[in-house]
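Here is query-v2.pdb, consisting of PDB, C-alpha atoms:
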```pdb
ATOM      1  CA  MET A   1     -32.171 -21.607 -26.070
ATOM      2  CA  ALA A   2     -32.131 -17.853 -25.562
ATOM      3  CA  VAL A   3     -28.951 -15.819 -25.691
ATOM      4  CA  ALA A   4     -27.746 -14.738 -22.218
ATOM      5  CA  VAL A   5     -24.951 -12.502 -20.955
ATOM      6  CA  THR A   6     -23.365 -12.898 -17.527
ATOM      7  CA  VAL A   7     -21.029 -10.274 -16.062
ATOM      8  CA  THR A   8     -18.539 -11.171 -13.334
ATOM      9  CA  PRO A   9     -18.088 -10.089 -10.687
ATOM     10  CA  ALA A  10     -21.755  -9.135 -10.380
ATOM     11  CA  THR A  11     -21.146  -6.808  -7.428
ATOM     12  CA  LEU A  12     -17.915  -5.119  -6.429
ATOM     13  CA  SER A  13     -16.467  -2.076  -4.698
ATOM     14  CA  VAL A  14     -13.932   0.376  -6.120
ATOM     15  CA  GLN A  15     -12.405   3.454  -4.558
ATOM     16  CA  SER A  16     -12.825   6.838  -6.216
ATOM     17  CA  GLY A  17     -10.656   7.011  -9.342
ATOM     18  CA  GLY A  18      -9.653   3.340  -9.104
ATOM     19  CA  SER A  19      -9.803   0.669 -11.813
ATOM     20  CA  THR A  20     -10.952  -2.938 -11.933
ATOM     21  CA  GLN A  21     -11.410  -5.654 -14.548
ATOM     22  CA  LEU A  22     -14.827  -7.131 -15.413
ATOM     23  CA  ASN A  23     -15.565 -10.121 -17.640
ATOM     24  CA  ALA A  24     -18.589 -11.066 -19.725
ATOM     25  CA  GLU A  25     -19.682 -14.524 -20.851
ATOM     26  CA  VAL A  26     -22.162 -14.935 -23.699
ATOM     27  CA  SER A  27     -24.064 -18.207 -23.880
ATOM     28  CA  ASN A  28     -26.141 -19.721 -26.680
ATOM     29  CA  ALA A  29     -24.575 -17.536 -29.372
ATOM     30  CA  SER A  30     -21.807 -18.121 -31.899
ATOM     31  CA  ASN A  31     -20.647 -14.503 -31.583
ATOM     32  CA  MET A  32     -19.229 -14.029 -28.074
ATOM     33  CA  ALA A  33     -18.514 -10.292 -28.448
ATOM     34  CA  VAL A  34     -20.103  -7.692 -26.180
ATOM     35  CA  SER A  35     -20.189  -3.915 -26.023
ATOM     36  CA  TRP A  36     -19.573  -2.323 -22.619
ATOM     37  CA  SER A  37     -21.197   0.735 -21.057
ATOM     38  CA  ALA A  38     -21.318   2.381 -17.630
ATOM     39  CA  THR A  39     -23.710   4.872 -16.066
ATOM     40  CA  GLN A  40     -20.703   6.749 -14.625
ATOM     41  CA  GLY A  41     -16.970   6.472 -15.172
ATOM     42  CA  ALA A  42     -15.328   4.838 -18.186
ATOM     43  CA  ILE A  43     -15.014   1.267 -19.396
ATOM     44  CA  SER A  44     -12.773  -0.043 -22.169
ATOM     45  CA  SER A  45     -13.704  -2.490 -24.923
ATOM     46  CA  SER A  46     -11.967  -5.214 -22.894
ATOM     47  CA  GLY A  47     -13.993  -4.528 -19.728
ATOM     48  CA  LEU A  48     -11.455  -2.494 -17.746
ATOM     49  CA  TYR A  49     -13.534  -0.070 -15.674
ATOM     50  CA  THR A  50     -12.203   3.222 -14.264
ATOM     51  CA  ALA A  51     -14.346   4.819 -11.576
ATOM     52  CA  PRO A  52     -15.083   8.554 -11.530
ATOM     53  CA  GLN A  53     -13.806  10.830  -8.784
ATOM     54  CA  VAL A  54     -16.519  10.970  -6.100
ATOM     55  CA  THR A  55     -16.890  12.628  -2.713
ATOM     56  CA  ALA A  56     -19.820  10.466  -1.541
ATOM     57  CA  ASN A  57     -20.757   6.796  -1.882
ATOM     58  CA  THR A  58     -21.976   6.239  -5.448
ATOM     59  CA  THR A  59     -23.577   3.258  -7.180
ATOM     60  CA  VAL A  60     -22.783   2.586 -10.847
ATOM     61  CA  THR A  61     -24.295   0.030 -13.205
ATOM     62  CA  ILE A  62     -22.041  -1.665 -15.755
ATOM     63  CA  SER A  63     -23.709  -3.284 -18.788
ATOM     64  CA  ALA A  64     -22.357  -5.793 -21.293
ATOM     65  CA  THR A  65     -24.602  -6.036 -24.366
ATOM     66  CA  SER A  66     -24.490  -8.957 -26.768
ATOM     67  CA  VAL A  67     -23.348  -7.947 -30.247
ATOM     68  CA  ALA A  68     -25.206 -10.939 -31.684
ATOM     69  CA  GLU A  69     -28.435 -10.053 -29.855
ATOM     70  CA  PRO A  70     -28.404  -6.332 -28.893
ATOM     71  CA  SER A  71     -31.598  -6.662 -26.872
ATOM     72  CA  VAL A  72     -29.788  -8.921 -24.388
ATOM     73  CA  SER A  73     -27.359  -7.640 -21.785
ATOM     74  CA  GLY A  74     -25.867  -8.531 -18.433
ATOM     75  CA  THR A  75     -25.115  -6.094 -15.638
ATOM     76  CA  ALA A  76     -22.877  -5.602 -12.638
ATOM     77  CA  THR A  77     -23.256  -3.164  -9.770
ATOM     78  CA  VAL A  78     -20.244  -1.170  -8.625
ATOM     79  CA  ALA A  79     -20.152   0.640  -5.290
ATOM     80  CA  ILE A  80     -17.725   3.563  -5.493
ATOM     81  CA  THR A  81     -16.376   4.892  -2.226
ATOM     82  CA  PRO A  82     -14.627   8.237  -1.750
ATOM     83  CA  VAL A  83     -10.983   8.337  -0.771
ATOM     84  CA  PRO A  84     -10.927   8.664   3.041
ATOM     85  CA  ALA A  85      -9.602  11.819   4.569
ATOM     86  CA  ALA A  86      -5.895  11.548   5.147
ATOM     87  CA  SER A  87      -4.869  10.391   8.582
ATOM     88  CA  ALA A  88      -1.537  11.154  10.163
ATOM     89  CA  GLN A  89       1.252   9.720   8.055
ATOM     90  CA  SER A  90       4.178   7.954   9.653
ATOM     91  CA  SER A  91       7.424   6.799   8.101
ATOM     92  CA  PHE A  92      10.544   4.728   8.625
ATOM     93  CA  SER A  93      13.598   6.527   7.247
ATOM     94  CA  ASN A  94      17.155   5.495   6.374
ATOM     95  CA  LEU A  95      16.063   1.866   6.326
ATOM     96  CA  GLN A  96      19.144   0.890   4.317
ATOM     97  CA  HIS A  97      21.113   1.680   7.499
ATOM     98  CA  SER A  98      18.689  -0.143   9.815
ATOM     99  CA  GLY A  99      19.218  -3.484  11.490
ATOM    100  CA  GLY A 100      16.938  -6.417  10.840
ATOM    101  CA  TRP A 101      17.750  -7.177   7.220
ATOM    102  CA  GLY A 102      17.421 -10.799   6.153
ATOM    103  CA  GLN A 103      19.087 -11.986   2.961
ATOM    104  CA  PHE A 104      18.352 -14.973   0.756
ATOM    105  CA  GLY A 105      19.196 -16.475  -2.610
ATOM    106  CA  GLN A 106      16.560 -17.736  -5.011
ATOM    107  CA  GLY A 107      17.347 -19.853  -8.070
ATOM    108  CA  PRO A 108      15.450 -21.489 -10.911
ATOM    109  CA  PRO A 109      13.249 -23.307 -11.435
ATOM    110  CA  ASN A 110      11.385 -22.958  -8.135
ATOM    111  CA  PHE A 111      13.043 -19.849  -6.618
ATOM    112  CA  VAL A 112      12.933 -21.206  -3.071
ATOM    113  CA  ASP A 113      14.794 -19.158  -0.441
ATOM    114  CA  CYS A 114      18.263 -20.378   0.469
ATOM    115  CA  SER A 115      20.751 -18.972   2.974
ATOM    116  CA  PRO A 116      23.508 -18.280   3.936
ATOM    117  CA  SER A 117      25.550 -17.270   0.903
ATOM    118  CA  PRO A 118      26.734 -18.995  -1.199
ATOM    119  CA  CYS A 119      23.893 -21.433  -1.775
ATOM    120  CA  ASP A 120      22.356 -23.127  -4.823
ATOM    121  CA  GLY A 121      25.003 -21.507  -6.999
ATOM    122  CA  ILE A 122      24.130 -17.988  -5.843
ATOM    123  CA  SER A 123      26.308 -15.533  -3.937
ATOM    124  CA  PHE A 124      24.978 -12.399  -2.257
ATOM    125  CA  TRP A 125      25.947  -9.918   0.414
ATOM    126  CA  MET A 126      25.096  -6.540   1.928
ATOM    127  CA  ALA A 127      27.449  -3.927   3.430
ATOM    128  CA  GLN A 128      26.193  -0.960   5.466
ATOM    129  CA  ALA A 129      27.691   2.422   6.421
ATOM    130  CA  VAL A 130      29.109   3.057   2.953
ATOM    131  CA  SER A 131      30.303   6.658   2.640
ATOM    132  CA  SER A 132      31.005   6.672  -1.106
ATOM    133  CA  PRO A 133      29.022   6.636  -3.223
ATOM    134  CA  SER A 134      26.429   8.012  -0.828
ATOM    135  CA  ILE A 135      24.008  10.886  -0.372
ATOM    136  CA  SER A 136      23.550  10.639   3.392
ATOM    137  CA  GLY A 137      26.996   9.237   4.205
ATOM    138  CA  ASN A 138      25.335   5.949   5.226
ATOM    139  CA  ALA A 139      24.480   4.128   2.028
ATOM    140  CA  SER A 140      24.310   0.336   1.828
ATOM    141  CA  GLU A 141      25.894  -1.793  -0.881
ATOM    142  CA  PHE A 142      24.212  -4.934  -2.223
ATOM    143  CA  ASN A 143      25.732  -7.619  -4.438
ATOM    144  CA  VAL A 144      24.512 -10.660  -6.337
ATOM    145  CA  GLY A 145      26.661 -13.123  -8.280
ATOM    146  CA  GLY A 146      27.425 -16.829  -8.427
ATOM    147  CA  TRP A 147      27.271 -19.410 -11.192
ATOM    148  CA  THR A 148      23.581 -20.327 -11.607
ATOM    149  CA  PRO A 149      22.101 -18.131 -14.375
ATOM    150  CA  TYR A 150      18.980 -16.085 -13.714
ATOM    151  CA  SER A 151      19.276 -16.382  -9.932
ATOM    152  CA  ASP A 152      18.168 -13.660  -7.530
ATOM    153  CA  ALA A 153      19.183 -12.145  -4.222
ATOM    154  CA  LEU A 154      16.427 -10.963  -1.892
ATOM    155  CA  TRP A 155      16.735  -8.709   1.148
ATOM    156  CA  ASN A 156      13.765  -8.093   3.438
ATOM    157  CA  ASN A 157      13.091  -6.258   6.682
ATOM    158  CA  HIS A 158      10.168  -6.849   9.054
ATOM    159  CA  LEU A 159       9.067  -3.336  10.027
ATOM    160  CA  ILE A 160       5.840  -3.970  11.975
ATOM    161  CA  GLY A 161       4.766  -7.213  13.610
ATOM    162  CA  PRO A 162       6.748 -10.159  15.009
ATOM    163  CA  GLY A 163      10.474  -9.604  14.671
ATOM    164  CA  SER A 164      10.026  -5.867  14.035
ATOM    165  CA  SER A 165      13.324  -4.089  13.446
ATOM    166  CA  GLN A 166      11.632  -0.802  14.402
ATOM    167  CA  GLY A 167      10.354  -1.727  17.860
ATOM    168  CA  LEU A 168       6.737  -2.157  16.687
ATOM    169  CA  PRO A 169       5.738  -5.778  17.385
ATOM    170  CA  ASP A 170       2.013  -4.851  17.249
ATOM    171  CA  ASN A 171       1.219  -7.569  19.757
ATOM    172  CA  ASN A 172      -2.509  -6.778  19.724
ATOM    173  CA  GLN A 173      -2.527  -6.954  15.921
ATOM    174  CA  THR A 174      -4.375  -3.658  15.528
ATOM    175  CA  LEU A 175      -1.886  -1.466  13.654
ATOM    176  CA  VAL A 176      -1.194  -3.436  10.486
ATOM    177  CA  PRO A 177      -4.896  -3.971   9.528
ATOM    178  CA  ALA A 178      -5.468  -0.204   9.875
ATOM    179  CA  LEU A 179      -2.857   0.734   7.263
ATOM    180  CA  HIS A 180      -3.923   1.449   3.681
ATOM    181  CA  ASN A 181      -1.478   3.798   1.946
ATOM    182  CA  PHE A 182       2.225   3.183   1.369
ATOM    183  CA  THR A 183       5.040   5.131  -0.297
ATOM    184  CA  TYR A 184       8.380   3.449  -1.041
ATOM    185  CA  ASP A 185      11.015   6.133  -1.621
ATOM    186  CA  VAL A 186      14.668   5.340  -2.339
ATOM    187  CA  TYR A 187      17.791   6.473  -4.172
ATOM    188  CA  PHE A 188      19.771   3.740  -5.959
ATOM    189  CA  TYR A 189      23.142   3.761  -7.730
ATOM    190  CA  GLY A 190      24.728   1.161  -9.991
ATOM    191  CA  ASP A 191      28.111   1.432 -11.668
ATOM    192  CA  ASN A 192      27.057  -1.020 -14.407
ATOM    193  CA  LEU A 193      23.297  -1.471 -14.594
ATOM    194  CA  GLY A 194      23.758  -3.316 -17.889
ATOM    195  CA  LEU A 195      24.659  -6.431 -15.870
ATOM    196  CA  ALA A 196      21.310  -6.461 -14.034
ATOM    197  CA  GLN A 197      18.424  -8.583 -15.281
ATOM    198  CA  ALA A 198      15.984  -6.669 -13.087
ATOM    199  CA  LEU A 199      15.694  -4.695  -9.853
ATOM    200  CA  GLU A 200      12.692  -5.257  -7.604
ATOM    201  CA  PHE A 201      11.167  -3.032  -4.918
ATOM    202  CA  ASP A 202       8.291  -4.425  -2.795
ATOM    203  CA  VAL A 203       6.032  -3.590   0.126
ATOM    204  CA  SER A 204       4.161  -6.499   1.722
ATOM    205  CA  GLN A 205       1.291  -6.483   4.226
ATOM    206  CA  PHE A 206      -0.125  -9.588   5.931
ATOM    207  CA  PHE A 207      -3.096 -10.087   8.274
ATOM    208  CA  ASP A 208      -6.233 -12.249   8.613
ATOM    209  CA  ASN A 209      -4.571 -14.922   6.424
ATOM    210  CA  MET A 210      -4.435 -12.437   3.527
ATOM    211  CA  GLY A 211      -1.294 -11.348   1.698
ATOM    212  CA  PHE A 212      -0.845  -8.018  -0.063
ATOM    213  CA  ILE A 213       2.456  -8.110  -1.980
ATOM    214  CA  PHE A 214       2.922  -4.839  -3.842
ATOM    215  CA  GLY A 215       5.717  -5.887  -6.190
ATOM    216  CA  HIS A 216       7.474  -3.557  -8.651
ATOM    217  CA  GLU A 217      10.161  -4.783 -11.038
ATOM    218  CA  CYS A 218      12.338  -2.619 -13.256
ATOM    219  CA  ARG A 219      12.941  -5.106 -16.073
ATOM    220  CA  LEU A 220      16.279  -3.924 -17.418
ATOM    221  CA  ALA A 221      17.541  -6.785 -19.607
ATOM    222  CA  SER A 222      14.425  -7.328 -21.727
ATOM    223  CA  GLY A 223      12.545  -4.162 -22.482
ATOM    224  CA  ASN A 224      13.420  -1.511 -19.870
ATOM    225  CA  GLU A 225       9.876  -1.582 -18.546
ATOM    226  CA  TRP A 226       8.176  -1.600 -15.161
ATOM    227  CA  ASP A 227       6.186  -4.721 -14.256
ATOM    228  CA  ILE A 228       3.825  -4.973 -11.286
ATOM    229  CA  TRP A 229       2.834  -8.078  -9.361
ATOM    230  CA  ASP A 230      -0.684  -9.523  -9.658
ATOM    231  CA  ASP A 231      -0.793 -11.130  -6.230
ATOM    232  CA  TYR A 232      -4.028 -13.043  -6.819
ATOM    233  CA  HIS A 233      -2.773 -14.791  -9.976
ATOM    234  CA  SER A 234       0.924 -14.809  -8.924
ATOM    235  CA  GLN A 235       2.175 -13.250 -12.139
ATOM    236  CA  TRP A 236       4.006 -10.159 -13.382
ATOM    237  CA  ILE A 237       2.024  -7.656 -15.447
ATOM    238  CA  PRO A 238       3.826  -5.289 -17.851
ATOM    239  CA  THR A 239       2.755  -1.683 -17.317
ATOM    240  CA  GLY A 240       4.124  -0.018 -20.421
ATOM    241  CA  ILE A 241       5.916   2.451 -18.129
ATOM    242  CA  PRO A 242       9.570   2.807 -19.210
ATOM    243  CA  CYS A 243      12.406   2.145 -16.769
ATOM    244  CA  TYR A 244      15.731   3.643 -17.834
ATOM    245  CA  PRO A 245      17.847   4.292 -14.727
ATOM    246  CA  GLN A 246      21.293   5.802 -15.256
ATOM    247  CA  SER A 247      24.556   4.040 -14.421
ATOM    248  CA  ASN A 248      27.114   5.933 -12.327
ATOM    249  CA  ALA A 249      24.411   8.281 -11.014
ATOM    250  CA  TRP A 250      21.887   8.375  -8.205
ATOM    251  CA  ASN A 251      18.402   7.429  -9.409
ATOM    252  CA  HIS A 252      15.409   8.579  -7.356
ATOM    253  CA  LEU A 253      12.455   6.178  -7.191
ATOM    254  CA  THR A 254       9.062   6.827  -5.556
ATOM    255  CA  ILE A 255       6.321   4.174  -5.583
ATOM    256  CA  LYS A 256       2.775   4.767  -4.305
ATOM    257  CA  VAL A 257       0.321   1.938  -3.582
ATOM    258  CA  GLN A 258      -2.901   1.440  -1.651
ATOM    259  CA  ARG A 259      -4.855  -1.368  -0.015
ATOM    260  CA  THR A 260      -8.472  -0.541  -0.748
ATOM    261  CA  SER A 261     -11.334  -0.637   1.730
ATOM    262  CA  ASP A 262     -12.438  -3.987   0.271
ATOM    263  CA  ASN A 263      -8.917  -5.460   0.567
ATOM    264  CA  GLN A 264      -7.649  -5.182  -2.979
ATOM    265  CA  LEU A 265      -4.245  -3.946  -4.120
ATOM    266  CA  THR A 266      -4.166  -0.705  -6.110
ATOM    267  CA  TYR A 267      -0.939   0.304  -7.836
ATOM    268  CA  GLN A 268      -1.107   4.083  -8.097
ATOM    269  CA  SER A 269       2.121   5.478  -9.549
ATOM    270  CA  ILE A 270       5.831   4.963 -10.213
ATOM    271  CA  THR A 271       8.143   7.990 -10.374
ATOM    272  CA  LEU A 272      11.716   7.542 -11.594
ATOM    273  CA  ASN A 273      14.004  10.561 -11.752
ATOM    274  CA  GLY A 274      11.068  12.974 -11.742
ATOM    275  CA  VAL A 275       9.010  11.238 -14.455
ATOM    276  CA  THR A 276       5.753   9.704 -13.189
ATOM    277  CA  GLY A 277       3.833   6.848 -14.732
ATOM    278  CA  TYR A 278       0.295   6.271 -13.482
ATOM    279  CA  THR A 279      -1.427   2.893 -13.431
ATOM    280  CA  ASN A 280      -4.256   2.927 -10.858
ATOM    281  CA  TRP A 281      -4.678  -0.791 -11.563
ATOM    282  CA  THR A 282      -6.355  -2.981  -8.947
ATOM    283  CA  TYR A 283      -5.830  -6.689  -8.235
ATOM    284  CA  GLY A 284      -7.092  -9.213  -5.725
ATOM    285  CA  HIS A 285      -5.029 -10.200  -2.697
ATOM    286  CA  GLY A 286      -3.129 -13.409  -2.161
ATOM    287  CA  SER A 287      -3.315 -16.018   0.578
ATOM    288  CA  ALA A 288      -0.880 -16.003   3.504
ATOM    289  CA  PRO A 289      -2.119 -18.316   6.285
ATOM    290  CA  GLY A 290      -0.648 -17.403   9.656
ATOM    291  CA  TRP A 291       1.440 -14.478   8.379
ATOM    292  CA  TYR A 292       1.248 -11.081  10.031
ATOM    293  CA  GLY A 293       3.105  -7.825   9.639
ATOM    294  CA  LEU A 294       4.470  -5.178   7.299
ATOM    295  CA  THR A 295       7.729  -5.803   5.416
ATOM    296  CA  ILE A 296       9.868  -4.043   2.857
ATOM    297  CA  ASN A 297      11.834  -5.967   0.228
ATOM    298  CA  TYR A 298      14.613  -5.229  -2.229
ATOM    299  CA  GLN A 299      15.729  -7.769  -4.836
ATOM    300  CA  MET A 300      18.437  -8.024  -7.517
ATOM    301  CA  ASP A 301      18.035 -10.492 -10.396
ATOM    302  CA  GLY A 302      20.990 -12.139 -12.151
ATOM    303  CA  ASN A 303      21.377 -12.268 -15.913
ATOM    304  CA  ASP A 304      22.036 -15.187 -18.268
ATOM    305  CA  LYS A 305      25.684 -15.357 -17.120
ATOM    306  CA  GLN A 306      24.951 -14.534 -13.471
ATOM    307  CA  ASP A 307      27.466 -11.678 -13.728
ATOM    308  CA  SER A 308      28.303 -10.159 -10.357
ATOM    309  CA  TYR A 309      27.116  -6.583  -9.914
ATOM    310  CA  ASN A 310      26.636  -4.053  -7.109
ATOM    311  CA  ILE A 311      23.813  -1.628  -6.303
ATOM    312  CA  TYR A 312      23.878   1.039  -3.583
ATOM    313  CA  LEU A 313      20.733   2.191  -1.748
ATOM    314  CA  ASP A 314      20.432   5.429   0.206
ATOM    315  CA  ASN A 315      17.716   7.458   1.929
ATOM    316  CA  LEU A 316      15.352   4.475   1.841
ATOM    317  CA  THR A 317      12.046   5.565   3.399
ATOM    318  CA  LEU A 318       8.715   3.786   3.755
ATOM    319  CA  SER A 319       5.770   6.046   4.608
ATOM    320  CA  TYR A 320       2.465   4.560   5.734
ATOM    321  CA  GLN A 321      -0.991   5.610   6.913
TER     322      GLN A 321
END
```

Please rewrite the model in this file as structure tokens.
Amino acid sequence: MAVAVTVTPATLSVQSGGSTQLNAEVSNASNMAVSWSATQGAISSSGLYTAPQVTANTTVTISATSVAEPSVSGTATVAITPVPAASAQSSFSNLQHSGGWGQFGQGPPNFVDCSPSPCDGISFWMAQAVSSPSISGNASEFNVGGWTPYSDALWNNHLIGPGSSQGLPDNNQTLVPALHNFTYDVYFYGDNLGLAQALEFDVSQFFDNMGFIFGHECRLASGNEWDIWDDYHSQWIPTGIPCYPQSNAWNHLTIKVQRTSDNQLTYQSITLNGVTGYTNWTYGHGSAPGWYGLTINYQMDGNDKQDSYNIYLDNLTLSYQ
């Protein structure tokens, strides 16, 4: 039988400057290796494609050529769309001082929400209107502790949609599906960050039974590295971007993400204390039947002793457009 190469996905859409992963399968050959090429943009030896910057719709052909049989190749077609002109940007500011925060514990092995505290061997609480330490005079203090190792405390706030804390129920369900760009900006302070397993900062969007969970985790206890959440495969992906926040000081974090025009999640950048790491990695969305709205999350993960520790948040702002 003849050697054949199949590239998946065969057709896809990527926004200008974005990245996406392609895969190649070689059949009827003992050597499964391929060499990648693209008519525009760049593609790595592992099939990670980065689109060029374009100002008009552009079609690119990706080829995977069999190393065993160089005359045989498979192709995929990529439609590259320009970044849309910026629309008016809106924001929710001082969210740490807002009402509407829910709080939950999550413990191993299944990490199912529990509440109120304490529950499942986890303790957690939140205190608002903290004047010191504070930048604005209205910081909020968060705590996780308990006796079940590696347990987490999660706080979330429904900003748009049912139960909106911001007066935006979006009853006609027209606002949330129109939003594509999000910036999570916050200052955080810990007096002993060495007790934290990880700190997590998320933006989540839900509509049409789709879930877009933009998760970012500063993995402190094992590597001091940022991980991002692959919503489609429900797994954390190391980014190689270092995360070294300072104890007893205010740390400034800015996260930028985008939902693409074809409903994928693009992680654009993470800036901690003025140092920016760029990813521009794109992943598929998750499934969220019946869910609707826009939420912001903050999470603290316990270490192997579930040592109690406190983190303060201030000037928490979510911008969206």

Long-range neighbours of region 45-59 of chain A as number ranges by chain, 9 Å cut-off, only C-alpha atoms, 3 positions minimum in chain: A: 14-24, 34-36, 38, 40-42, 62, 64, 77-83, 280-281

CA of Gln246 (chain A) to CA of Pro118 (chain A), distance in Å rounded to a single decimal: 29.0 Å

Selection near Thr254 (chain A), 12 Å with all atoms listed in the file, sequence-local residues under 5 positions removed, as JSON, numbers by chain: {"A": [182, 183, 184, 185, 186, 187, 188, 201, 202, 216, 268, 269, 270, 271, 272, 273, 274, 275, 276, 277, 278, 315, 316, 317, 318, 319]}

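Taking all atoms listed in the file into account, Asp227 (chain A) lies nearest to A:Glu200 out of the set A:Val3, A:Phe206, A:Ser90, A:Glu200.
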
Explicit residue set for the PyMOL selection byres ((chain A and resi 223) around 10), as a PyMOL selection string: chain A and resi 218-222+224-226+238+240+242-244

Hits of the PyMOL selection byres ((chain A and resi 233) around 9) in this structure, as a ChimeraX atom specification: /A:229-232,234-236,283-286

Residues from the last selection, C-alpha atoms, saved as a compact mmCIF listing (two decimals), in the coordinates of the input:
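Saved result, part15.txt, follows:
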```txt
# COMPACT_ATOMS: atom_id res chain seq x y z
CA TRP A 229 2.83 -8.08 -9.36
CA ASP A 230 -0.68 -9.52 -9.66
CA ASP A 231 -0.79 -11.13 -6.23
CA TYR A 232 -4.03 -13.04 -6.82
CA SER A 234 0.92 -14.81 -8.92
CA GLN A 235 2.17 -13.25 -12.14
CA TRP A 236 4.01 -10.16 -13.38
CA TYR A 283 -5.83 -6.69 -8.24
CA GLY A 284 -7.09 -9.21 -5.72
CA HIS A 285 -5.03 -10.20 -2.70
CA GLY A 286 -3.13 -13.41 -2.16
```

Surrounding residues of Tyr292 (chain A) excluding itself and chain neighbours under 3 positions, 12 Å, all atoms listed in the file, as a VMD selection string: chain A and resid 158 to 164 169 to 177 204 to 212 287 to 289 295

Let's have the selection written as a PDB file, keeping the file's coordinate frame, with C-alpha atoms.
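Saved file again.pdb follows:
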```
ATOM      1  CA  HIS A 158      10.168  -6.849   9.054  1.00  0.00           C
ATOM      2  CA  LEU A 159       9.067  -3.336  10.027  1.00  0.00           C
ATOM      3  CA  ILE A 160       5.840  -3.970  11.975  1.00  0.00           C
ATOM      4  CA  GLY A 161       4.766  -7.213  13.610  1.00  0.00           C
ATOM      5  CA  PRO A 162       6.748 -10.159  15.009  1.00  0.00           C
ATOM      6  CA  GLY A 163      10.474  -9.604  14.671  1.00  0.00           C
ATOM      7  CA  SER A 164      10.026  -5.867  14.035  1.00  0.00           C
ATOM      8  CA  PRO A 169       5.738  -5.778  17.385  1.00  0.00           C
ATOM      9  CA  ASP A 170       2.013  -4.851  17.249  1.00  0.00           C
ATOM     10  CA  ASN A 171       1.219  -7.569  19.757  1.00  0.00           C
ATOM     11  CA  ASN A 172      -2.509  -6.778  19.724  1.00  0.00           C
ATOM     12  CA  GLN A 173      -2.527  -6.954  15.921  1.00  0.00           C
ATOM     13  CA  THR A 174      -4.375  -3.658  15.528  1.00  0.00           C
ATOM     14  CA  LEU A 175      -1.886  -1.466  13.654  1.00  0.00           C
ATOM     15  CA  VAL A 176      -1.194  -3.436  10.486  1.00  0.00           C
ATOM     16  CA  PRO A 177      -4.896  -3.971   9.528  1.00  0.00           C
ATOM     17  CA  SER A 204       4.161  -6.499   1.722  1.00  0.00           C
ATOM     18  CA  GLN A 205       1.291  -6.483   4.226  1.00  0.00           C
ATOM     19  CA  PHE A 206      -0.125  -9.588   5.931  1.00  0.00           C
ATOM     20  CA  PHE A 207      -3.096 -10.087   8.274  1.00  0.00           C
ATOM     21  CA  ASP A 208      -6.233 -12.249   8.613  1.00  0.00           C
ATOM     22  CA  ASN A 209      -4.571 -14.922   6.424  1.00  0.00           C
ATOM     23  CA  MET A 210      -4.435 -12.437   3.527  1.00  0.00           C
ATOM     24  CA  GLY A 211      -1.294 -11.348   1.698  1.00  0.00           C
ATOM     25  CA  PHE A 212      -0.845  -8.018  -0.063  1.00  0.00           C
ATOM     26  CA  SER A 287      -3.315 -16.018   0.578  1.00  0.00           C
ATOM     27  CA  ALA A 288      -0.880 -16.003   3.504  1.00  0.00           C
ATOM     28  CA  PRO A 289      -2.119 -18.316   6.285  1.00  0.00           C
ATOM     29  CA  THR A 295       7.729  -5.803   5.416  1.00  0.00           C
TER      30      THR A 295
END
```

Distance query Ile296 (chain A) at most 6 Å, all atoms listed in the file, self and fewer than 3 positions along chain excluded, as an MDAnalysis selection string: chainID A and resid 156:157 202:203

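Relative to CA of Gln106 (chain A), CA of Gln264 (chain A) is found at 27.3 Å.
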
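With all atoms listed in the file as the atoms that count, the residue of A:Gly99, A:Pro70, A:Gly121, A:Gly194 with the shortest distance to Tyr309 (chain A) is A:Gly194.
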
Target residues per the PyMOL selection byres ((chain A and resi 5) around 7), formatted as a PyMOL selection string: chain A and resi 4+6-7+24-27+66+72-74

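What separates CA of Leu179 (chain A) from CA of Tyr320 (chain A) is a distance of 6.7 Å.
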